[in-house]
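> So I've got this file, my_file_25.pdb, and it contains PDB, C-alpha atoms, pLDDT in the B column:
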```pdb
ATOM      1  CA  MET A   1     -33.355  -4.647  -2.889  1.00 94.00           C
ATOM      2  CA  GLU A   2     -32.382  -3.596   0.618  1.00 96.00           C
ATOM      3  CA  LEU A   3     -31.165  -4.978   3.902  1.00 96.00           C
ATOM      4  CA  ILE A   4     -33.172  -4.005   6.981  1.00 96.00           C
ATOM      5  CA  LYS A   5     -31.858  -4.802  10.459  1.00 97.00           C
ATOM      6  CA  ILE A   6     -34.333  -6.970  12.344  1.00 96.00           C
ATOM      7  CA  GLU A   7     -35.926  -5.972  15.602  1.00 94.00           C
ATOM      8  CA  THR A   8     -35.201  -8.269  18.548  1.00 94.00           C
ATOM      9  CA  SER A   9     -38.918  -9.086  18.723  1.00 95.00           C
ATOM     10  CA  GLU A  10     -38.708 -10.559  15.194  1.00 95.00           C
ATOM     11  CA  PHE A  11     -35.957 -13.022  15.995  1.00 95.00           C
ATOM     12  CA  ASP A  12     -38.162 -15.983  16.950  1.00 94.00           C
ATOM     13  CA  SER A  13     -39.623 -16.094  13.428  1.00 93.00           C
ATOM     14  CA  ILE A  14     -36.110 -15.846  11.957  1.00 94.00           C
ATOM     15  CA  TYR A  15     -35.006 -18.707  14.201  1.00 95.00           C
ATOM     16  CA  ALA A  16     -37.864 -20.885  12.935  1.00 95.00           C
ATOM     17  CA  HIS A  17     -36.381 -20.491   9.445  1.00 93.00           C
ATOM     18  CA  LEU A  18     -32.905 -21.324  10.785  1.00 93.00           C
ATOM     19  CA  GLU A  19     -34.324 -24.577  12.155  1.00 92.00           C
ATOM     20  CA  LYS A  20     -35.981 -25.353   8.839  1.00 92.00           C
ATOM     21  CA  ASN A  21     -32.954 -24.551   6.668  1.00 88.00           C
ATOM     22  CA  PHE A  22     -29.925 -25.574   8.760  1.00 86.00           C
ATOM     23  CA  ILE A  23     -29.117 -28.807  10.558  1.00 83.00           C
ATOM     24  CA  GLN A  24     -28.487 -28.593  14.319  1.00 87.00           C
ATOM     25  CA  ASP A  25     -24.701 -28.624  13.866  1.00 86.00           C
ATOM     26  CA  GLU A  26     -24.925 -25.468  11.721  1.00 89.00           C
ATOM     27  CA  ARG A  27     -26.897 -23.298  14.145  1.00 89.00           C
ATOM     28  CA  ARG A  28     -26.945 -22.317  17.801  1.00 93.00           C
ATOM     29  CA  ASP A  29     -29.787 -23.074  20.188  1.00 94.00           C
ATOM     30  CA  LEU A  30     -32.420 -20.350  20.470  1.00 94.00           C
ATOM     31  CA  ALA A  31     -31.133 -18.724  23.684  1.00 95.00           C
ATOM     32  CA  GLU A  32     -27.541 -18.559  22.451  1.00 95.00           C
ATOM     33  CA  ALA A  33     -28.587 -17.281  19.037  1.00 95.00           C
ATOM     34  CA  LYS A  34     -30.821 -14.607  20.551  1.00 95.00           C
ATOM     35  CA  ALA A  35     -28.021 -13.482  22.889  1.00 95.00           C
ATOM     36  CA  LEU A  36     -25.857 -12.714  19.836  1.00 96.00           C
ATOM     37  CA  LEU A  37     -28.207  -9.849  18.997  1.00 96.00           C
ATOM     38  CA  GLU A  38     -26.456  -7.919  21.788  1.00 96.00           C
ATOM     39  CA  ASN A  39     -23.070  -8.273  20.067  1.00 97.00           C
ATOM     40  CA  PRO A  40     -22.290  -5.104  18.056  1.00 97.00           C
ATOM     41  CA  ASP A  41     -20.311  -7.146  15.507  1.00 97.00           C
ATOM     42  CA  PHE A  42     -23.303  -9.370  14.661  1.00 97.00           C
ATOM     43  CA  THR A  43     -26.347  -8.265  12.695  1.00 97.00           C
ATOM     44  CA  VAL A  44     -29.394 -10.044  11.298  1.00 97.00           C
ATOM     45  CA  TYR A  45     -30.971  -8.400   8.270  1.00 97.00           C
ATOM     46  CA  HIS A  46     -34.242  -8.989   6.481  1.00 97.00           C
ATOM     47  CA  THR A  47     -33.633  -9.109   2.741  1.00 97.00           C
ATOM     48  CA  VAL A  48     -36.401  -7.017   1.227  1.00 97.00           C
ATOM     49  CA  ASP A  49     -37.474  -6.389  -2.348  1.00 96.00           C
ATOM     50  CA  GLY A  50     -40.040  -3.587  -2.412  1.00 95.00           C
ATOM     51  CA  GLU A  51     -42.821  -4.782  -0.121  1.00 94.00           C
ATOM     52  CA  LYS A  52     -41.635  -8.411  -0.095  1.00 96.00           C
ATOM     53  CA  ASN A  53     -39.507  -9.869   2.691  1.00 96.00           C
ATOM     54  CA  VAL A  54     -37.694 -12.547   0.691  1.00 97.00           C
ATOM     55  CA  GLY A  55     -35.313 -13.901   3.344  1.00 96.00           C
ATOM     56  CA  PHE A  56     -32.625 -12.961   5.822  1.00 96.00           C
ATOM     57  CA  VAL A  57     -28.876 -12.937   6.267  1.00 97.00           C
ATOM     58  CA  THR A  58     -26.728 -12.968   9.414  1.00 96.00           C
ATOM     59  CA  VAL A  59     -23.476 -11.033   9.185  1.00 97.00           C
ATOM     60  CA  TRP A  60     -20.411 -10.735  11.402  1.00 97.00           C
ATOM     61  CA  SER A  61     -18.445  -7.525  10.790  1.00 96.00           C
ATOM     62  CA  PHE A  62     -14.705  -7.749  11.320  1.00 96.00           C
ATOM     63  CA  ASP A  63     -11.803  -5.475  10.446  1.00 94.00           C
ATOM     64  CA  GLY A  64     -11.404  -5.769   6.693  1.00 93.00           C
ATOM     65  CA  PHE A  65     -14.174  -8.273   5.977  1.00 96.00           C
ATOM     66  CA  ASP A  66     -17.738  -9.334   6.666  1.00 96.00           C
ATOM     67  CA  PHE A  67     -18.567 -12.980   7.315  1.00 96.00           C
ATOM     68  CA  ILE A  68     -21.975 -14.309   6.290  1.00 96.00           C
ATOM     69  CA  GLU A  69     -22.938 -16.974   8.795  1.00 94.00           C
ATOM     70  CA  HIS A  70     -26.484 -17.786   7.671  1.00 94.00           C
ATOM     71  CA  PHE A  71     -28.151 -16.817   4.415  1.00 94.00           C
ATOM     72  CA  VAL A  72     -31.731 -17.836   3.608  1.00 94.00           C
ATOM     73  CA  THR A  73     -33.982 -16.982   0.715  1.00 95.00           C
ATOM     74  CA  TYR A  74     -37.489 -18.105   1.628  1.00 95.00           C
ATOM     75  CA  GLU A  75     -38.707 -21.035  -0.428  1.00 93.00           C
ATOM     76  CA  ALA A  76     -41.318 -19.080  -2.396  1.00 95.00           C
ATOM     77  CA  TYR A  77     -38.609 -16.693  -3.665  1.00 96.00           C
ATOM     78  CA  ARG A  78     -35.803 -19.115  -4.506  1.00 93.00           C
ATOM     79  CA  ASN A  79     -34.300 -19.297  -7.998  1.00 93.00           C
ATOM     80  CA  GLN A  80     -35.332 -15.717  -8.780  1.00 96.00           C
ATOM     81  CA  GLY A  81     -31.915 -14.086  -8.412  1.00 95.00           C
ATOM     82  CA  TYR A  82     -32.390 -12.744  -4.889  1.00 96.00           C
ATOM     83  CA  GLY A  83     -29.291 -14.461  -3.534  1.00 93.00           C
ATOM     84  CA  THR A  84     -27.124 -12.769  -6.140  1.00 94.00           C
ATOM     85  CA  LYS A  85     -28.727  -9.394  -5.393  1.00 96.00           C
ATOM     86  CA  VAL A  86     -28.059  -9.753  -1.662  1.00 95.00           C
ATOM     87  CA  ILE A  87     -24.425 -10.725  -2.237  1.00 95.00           C
ATOM     88  CA  GLU A  88     -23.950  -7.737  -4.555  1.00 94.00           C
ATOM     89  CA  LEU A  89     -25.541  -5.441  -1.980  1.00 94.00           C
ATOM     90  CA  LEU A  90     -23.240  -6.733   0.758  1.00 94.00           C
ATOM     91  CA  LYS A  91     -20.199  -6.420  -1.507  1.00 93.00           C
ATOM     92  CA  SER A  92     -21.090  -2.787  -2.204  1.00 92.00           C
ATOM     93  CA  GLY A  93     -20.169  -2.012   1.430  1.00 88.00           C
ATOM     94  CA  GLY A  94     -16.529  -2.021   0.343  1.00 89.00           C
ATOM     95  CA  LYS A  95     -15.288  -4.823   2.591  1.00 93.00           C
ATOM     96  CA  ALA A  96     -14.245  -8.300   1.524  1.00 95.00           C
ATOM     97  CA  LEU A  97     -17.038 -10.814   1.912  1.00 95.00           C
ATOM     98  CA  VAL A  98     -16.574 -14.353   3.264  1.00 95.00           C
ATOM     99  CA  LEU A  99     -19.294 -16.962   2.898  1.00 89.00           C
ATOM    100  CA  GLU A 100     -19.031 -20.599   3.931  1.00 79.00           C
ATOM    101  CA  VAL A 101     -20.949 -23.039   1.749  1.00 78.00           C
ATOM    102  CA  GLU A 102     -21.707 -26.726   2.094  1.00 73.00           C
ATOM    103  CA  LEU A 103     -21.265 -29.503  -0.416  1.00 75.00           C
ATOM    104  CA  PRO A 104     -24.688 -30.290  -1.960  1.00 78.00           C
ATOM    105  CA  ASN A 105     -25.102 -33.700  -0.318  1.00 78.00           C
ATOM    106  CA  ASP A 106     -28.810 -33.404   0.541  1.00 72.00           C
ATOM    107  CA  ASP A 107     -31.856 -31.233  -0.210  1.00 70.00           C
ATOM    108  CA  ILE A 108     -31.141 -28.688   2.537  1.00 60.00           C
ATOM    109  CA  GLN A 109     -27.514 -28.253   1.478  1.00 63.00           C
ATOM    110  CA  LYS A 110     -28.528 -27.930  -2.186  1.00 61.00           C
TER     111      LYS A 110
END
```
Would you mind writing the structure in this file as structure tokens?

Amino acid sequence: MELIKIETSEFDSIYAHLEKNFIQDERRDLAEAKALLENPDFTVYHTVDGEKNVGFVTVWSFDGFDFIEHFVTYEAYRNQGYGTKVIELLKSGGKALVLEVELPNDDIQK
């Protein structure tokens, strides 16, 4: 399992998954989200297992901790342990890890 920083040209496809997996209140509009790619503290990574791109994660790096803003495992790869592997990989960076989660009130939040 590895994290690979996305290329700016790949962001539109990532954003399509943001729209599918997060309600409007939990994501920025496309222009604002794309502009974040210029911020050195913000990174979007593909989550890759061998040849398979299984999802993505957006990470803010701060002094002493990393904050996961968005974390998606693509539907075809869910419930196969990829989320745990990504969290373990991020934790191996040596910084504390902060991840906001939602109460499971609907299918998207679950």
> Please provide the set of residues having any atom within 10 Å of Val59 of chain A, restricted to all atoms listed in the file, with same-chain residues fewer than 3 positions apart removed, written as a short mmCIF file (atom, residue, chain, number, x, y, z; two decimals) with C-alpha atoms, in the frame of the given file.

```
data_model
loop_
_atom_site.label_atom_id
_atom_site.label_comp_id
_atom_site.auth_asym_id
_atom_site.auth_seq_id
_atom_site.Cartn_x
_atom_site.Cartn_y
_atom_site.Cartn_z
CA ASP A 41 -20.31 -7.15 15.51
CA PHE A 42 -23.30 -9.37 14.66
CA THR A 43 -26.35 -8.26 12.70
CA VAL A 44 -29.39 -10.04 11.30
CA TYR A 45 -30.97 -8.40 8.27
CA PHE A 56 -32.62 -12.96 5.82
CA PHE A 62 -14.70 -7.75 11.32
CA ASP A 66 -17.74 -9.33 6.67
CA PHE A 67 -18.57 -12.98 7.32
CA ILE A 68 -21.98 -14.31 6.29
CA GLU A 69 -22.94 -16.97 8.80
CA HIS A 70 -26.48 -17.79 7.67
CA PHE A 71 -28.15 -16.82 4.42
CA LEU A 90 -23.24 -6.73 0.76
CA LEU A 97 -17.04 -10.81 1.91
CA VAL A 98 -16.57 -14.35 3.26
CA LEU A 99 -19.29 -16.96 2.90
#
```
> Write out as an MDAnalysis selection string the residues lying within 9 Å of His17 of chain A, counting all atoms listed in the file and excluding same-chain residues fewer than 4 positions away.
chainID A and resid 12:13 21:22 72 74
> Report, in Å with one decimal, the straight-line distance from atom CA of Glu75 of chain A to atom CA of Ala16 of chain A.
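Atom CA of Ala16 of chain A lies at a distance of 13.4 Å from atom CA of Glu75 of chain A.
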> Got a sec to resolve the PyMOL selection byres ((chain A and resi 33) around 12) on this structure and send the residues as a VMD selection string?
chain A and resid 8 11 to 12 14 to 16 18 to 19 26 to 32 34 to 39 42 to 44 58 69 to 70
> Excluding Gly50 of chain A and its own-chain neighbours fewer than 5 positions away, which residues fall within 12 Å of it when counting all atoms listed in the file? Please give them as a PyMOL selection string.
chain A and resi 1-4
> Set the distance at 12 Å and use only C-alpha atoms: which residues neighbour segment 77-82 of chain A once local chain neighbours fewer than 4 positions away are removed? I'd like the list as a ChimeraX atom specification.
/A:1-3,47-49,52-57,71-73,86-89,110
> Where atoms are missing, can you supply N, CA, C and O atoms for segment 50-76 of chain A and output the lot as an mmCIF file, keeping the file's coordinate frame?

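Saved to out.cif:
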```cif
data_model
loop_
_atom_site.group_PDB
_atom_site.id
_atom_site.type_symbol
_atom_site.label_atom_id
_atom_site.label_comp_id
_atom_site.auth_asym_id
_atom_site.auth_seq_id
_atom_site.Cartn_x
_atom_site.Cartn_y
_atom_site.Cartn_z
ATOM 1 N N GLY A 50 -38.787 -4.355 -2.424
ATOM 2 C CA GLY A 50 -40.040 -3.587 -2.412
ATOM 3 C C GLY A 50 -40.802 -3.871 -1.133
ATOM 4 O O GLY A 50 -40.319 -3.626 -0.034
ATOM 5 N N GLU A 51 -41.983 -4.440 -1.275
ATOM 6 C CA GLU A 51 -42.821 -4.782 -0.121
ATOM 7 C C GLU A 51 -42.609 -6.221 0.338
ATOM 8 O O GLU A 51 -43.187 -6.639 1.340
ATOM 9 N N LYS A 52 -41.797 -6.988 -0.384
ATOM 10 C CA LYS A 52 -41.635 -8.411 -0.095
ATOM 11 C C LYS A 52 -40.400 -8.680 0.760
ATOM 12 O O LYS A 52 -39.304 -8.271 0.411
ATOM 13 N N ASN A 53 -40.606 -9.375 1.876
ATOM 14 C CA ASN A 53 -39.507 -9.869 2.691
ATOM 15 C C ASN A 53 -39.158 -11.237 2.117
ATOM 16 O O ASN A 53 -39.917 -12.192 2.267
ATOM 17 N N VAL A 54 -38.027 -11.328 1.428
ATOM 18 C CA VAL A 54 -37.694 -12.547 0.691
ATOM 19 C C VAL A 54 -36.739 -13.474 1.433
ATOM 20 O O VAL A 54 -36.458 -14.571 0.963
ATOM 21 N N GLY A 55 -36.225 -13.053 2.594
ATOM 22 C CA GLY A 55 -35.313 -13.901 3.344
ATOM 23 C C GLY A 55 -34.598 -13.122 4.423
ATOM 24 O O GLY A 55 -35.059 -12.074 4.873
ATOM 25 N N PHE A 56 -33.447 -13.649 4.832
ATOM 26 C CA PHE A 56 -32.625 -12.961 5.822
ATOM 27 C C PHE A 56 -31.179 -13.405 5.665
ATOM 28 O O PHE A 56 -30.872 -14.420 5.032
ATOM 29 N N VAL A 57 -30.296 -12.626 6.264
ATOM 30 C CA VAL A 57 -28.876 -12.937 6.267
ATOM 31 C C VAL A 57 -28.312 -12.508 7.618
ATOM 32 O O VAL A 57 -28.708 -11.483 8.164
ATOM 33 N N THR A 58 -27.417 -13.332 8.179
ATOM 34 C CA THR A 58 -26.728 -12.968 9.414
ATOM 35 C C THR A 58 -25.281 -12.656 9.061
ATOM 36 O O THR A 58 -24.640 -13.409 8.325
ATOM 37 N N VAL A 59 -24.791 -11.534 9.586
ATOM 38 C CA VAL A 59 -23.476 -11.033 9.185
ATOM 39 C C VAL A 59 -22.656 -10.662 10.415
ATOM 40 O O VAL A 59 -23.127 -9.949 11.309
ATOM 41 N N TRP A 60 -21.419 -11.155 10.421
ATOM 42 C CA TRP A 60 -20.411 -10.735 11.402
ATOM 43 C C TRP A 60 -19.529 -9.716 10.715
ATOM 44 O O TRP A 60 -19.005 -9.987 9.629
ATOM 45 N N SER A 61 -19.333 -8.557 11.340
ATOM 46 C CA SER A 61 -18.445 -7.525 10.790
ATOM 47 C C SER A 61 -17.123 -7.537 11.532
ATOM 48 O O SER A 61 -17.081 -7.394 12.756
ATOM 49 N N PHE A 62 -16.053 -7.737 10.775
ATOM 50 C CA PHE A 62 -14.705 -7.749 11.320
ATOM 51 C C PHE A 62 -13.873 -6.702 10.597
ATOM 52 O O PHE A 62 -14.290 -6.175 9.562
ATOM 53 N N ASP A 63 -12.700 -6.403 11.127
ATOM 54 C CA ASP A 63 -11.803 -5.475 10.446
ATOM 55 C C ASP A 63 -11.436 -6.055 9.087
ATOM 56 O O ASP A 63 -10.879 -7.154 9.008
ATOM 57 N N GLY A 64 -11.801 -5.368 8.038
ATOM 58 C CA GLY A 64 -11.404 -5.769 6.693
ATOM 59 C C GLY A 64 -12.327 -6.713 5.971
ATOM 60 O O GLY A 64 -12.208 -6.886 4.763
ATOM 61 N N PHE A 65 -13.254 -7.374 6.680
ATOM 62 C CA PHE A 65 -14.174 -8.273 5.977
ATOM 63 C C PHE A 65 -15.448 -8.495 6.776
ATOM 64 O O PHE A 65 -15.491 -8.294 7.987
ATOM 65 N N ASP A 66 -16.487 -8.896 6.060
ATOM 66 C CA ASP A 66 -17.738 -9.334 6.666
ATOM 67 C C ASP A 66 -17.885 -10.828 6.410
ATOM 68 O O ASP A 66 -17.566 -11.318 5.322
ATOM 69 N N PHE A 67 -18.361 -11.547 7.420
ATOM 70 C CA PHE A 67 -18.567 -12.980 7.315
ATOM 71 C C PHE A 67 -20.061 -13.271 7.357
ATOM 72 O O PHE A 67 -20.739 -12.896 8.320
ATOM 73 N N ILE A 68 -20.572 -13.905 6.323
ATOM 74 C CA ILE A 68 -21.975 -14.309 6.290
ATOM 75 C C ILE A 68 -22.082 -15.672 6.961
ATOM 76 O O ILE A 68 -21.514 -16.652 6.478
ATOM 77 N N GLU A 69 -22.797 -15.713 8.076
ATOM 78 C CA GLU A 69 -22.938 -16.974 8.795
ATOM 79 C C GLU A 69 -24.139 -17.777 8.299
ATOM 80 O O GLU A 69 -24.040 -18.974 8.068
ATOM 81 N N HIS A 70 -25.277 -17.126 8.177
ATOM 82 C CA HIS A 70 -26.484 -17.786 7.671
ATOM 83 C C HIS A 70 -27.104 -16.911 6.596
ATOM 84 O O HIS A 70 -27.165 -15.684 6.747
ATOM 85 N N PHE A 71 -27.597 -17.545 5.552
ATOM 86 C CA PHE A 71 -28.151 -16.817 4.415
ATOM 87 C C PHE A 71 -29.321 -17.645 3.893
ATOM 88 O O PHE A 71 -29.136 -18.771 3.431
ATOM 89 N N VAL A 72 -30.536 -17.099 4.012
ATOM 90 C CA VAL A 72 -31.731 -17.836 3.608
ATOM 91 C C VAL A 72 -32.578 -16.969 2.680
ATOM 92 O O VAL A 72 -32.880 -15.820 3.001
ATOM 93 N N THR A 73 -32.915 -17.542 1.560
ATOM 94 C CA THR A 73 -33.982 -16.982 0.715
ATOM 95 C C THR A 73 -35.180 -17.889 0.954
ATOM 96 O O THR A 73 -35.070 -19.120 0.818
ATOM 97 N N TYR A 74 -36.309 -17.297 1.330
ATOM 98 C CA TYR A 74 -37.489 -18.105 1.628
ATOM 99 C C TYR A 74 -37.911 -18.883 0.385
ATOM 100 O O TYR A 74 -37.749 -18.430 -0.741
ATOM 101 N N GLU A 75 -38.431 -20.067 0.635
ATOM 102 C CA GLU A 75 -38.707 -21.035 -0.428
ATOM 103 C C GLU A 75 -39.500 -20.453 -1.598
ATOM 104 O O GLU A 75 -39.188 -20.714 -2.764
ATOM 105 N N ALA A 76 -40.484 -19.644 -1.330
ATOM 106 C CA ALA A 76 -41.318 -19.080 -2.396
ATOM 107 C C ALA A 76 -40.546 -18.142 -3.324
ATOM 108 O O ALA A 76 -41.001 -17.864 -4.441
#
```
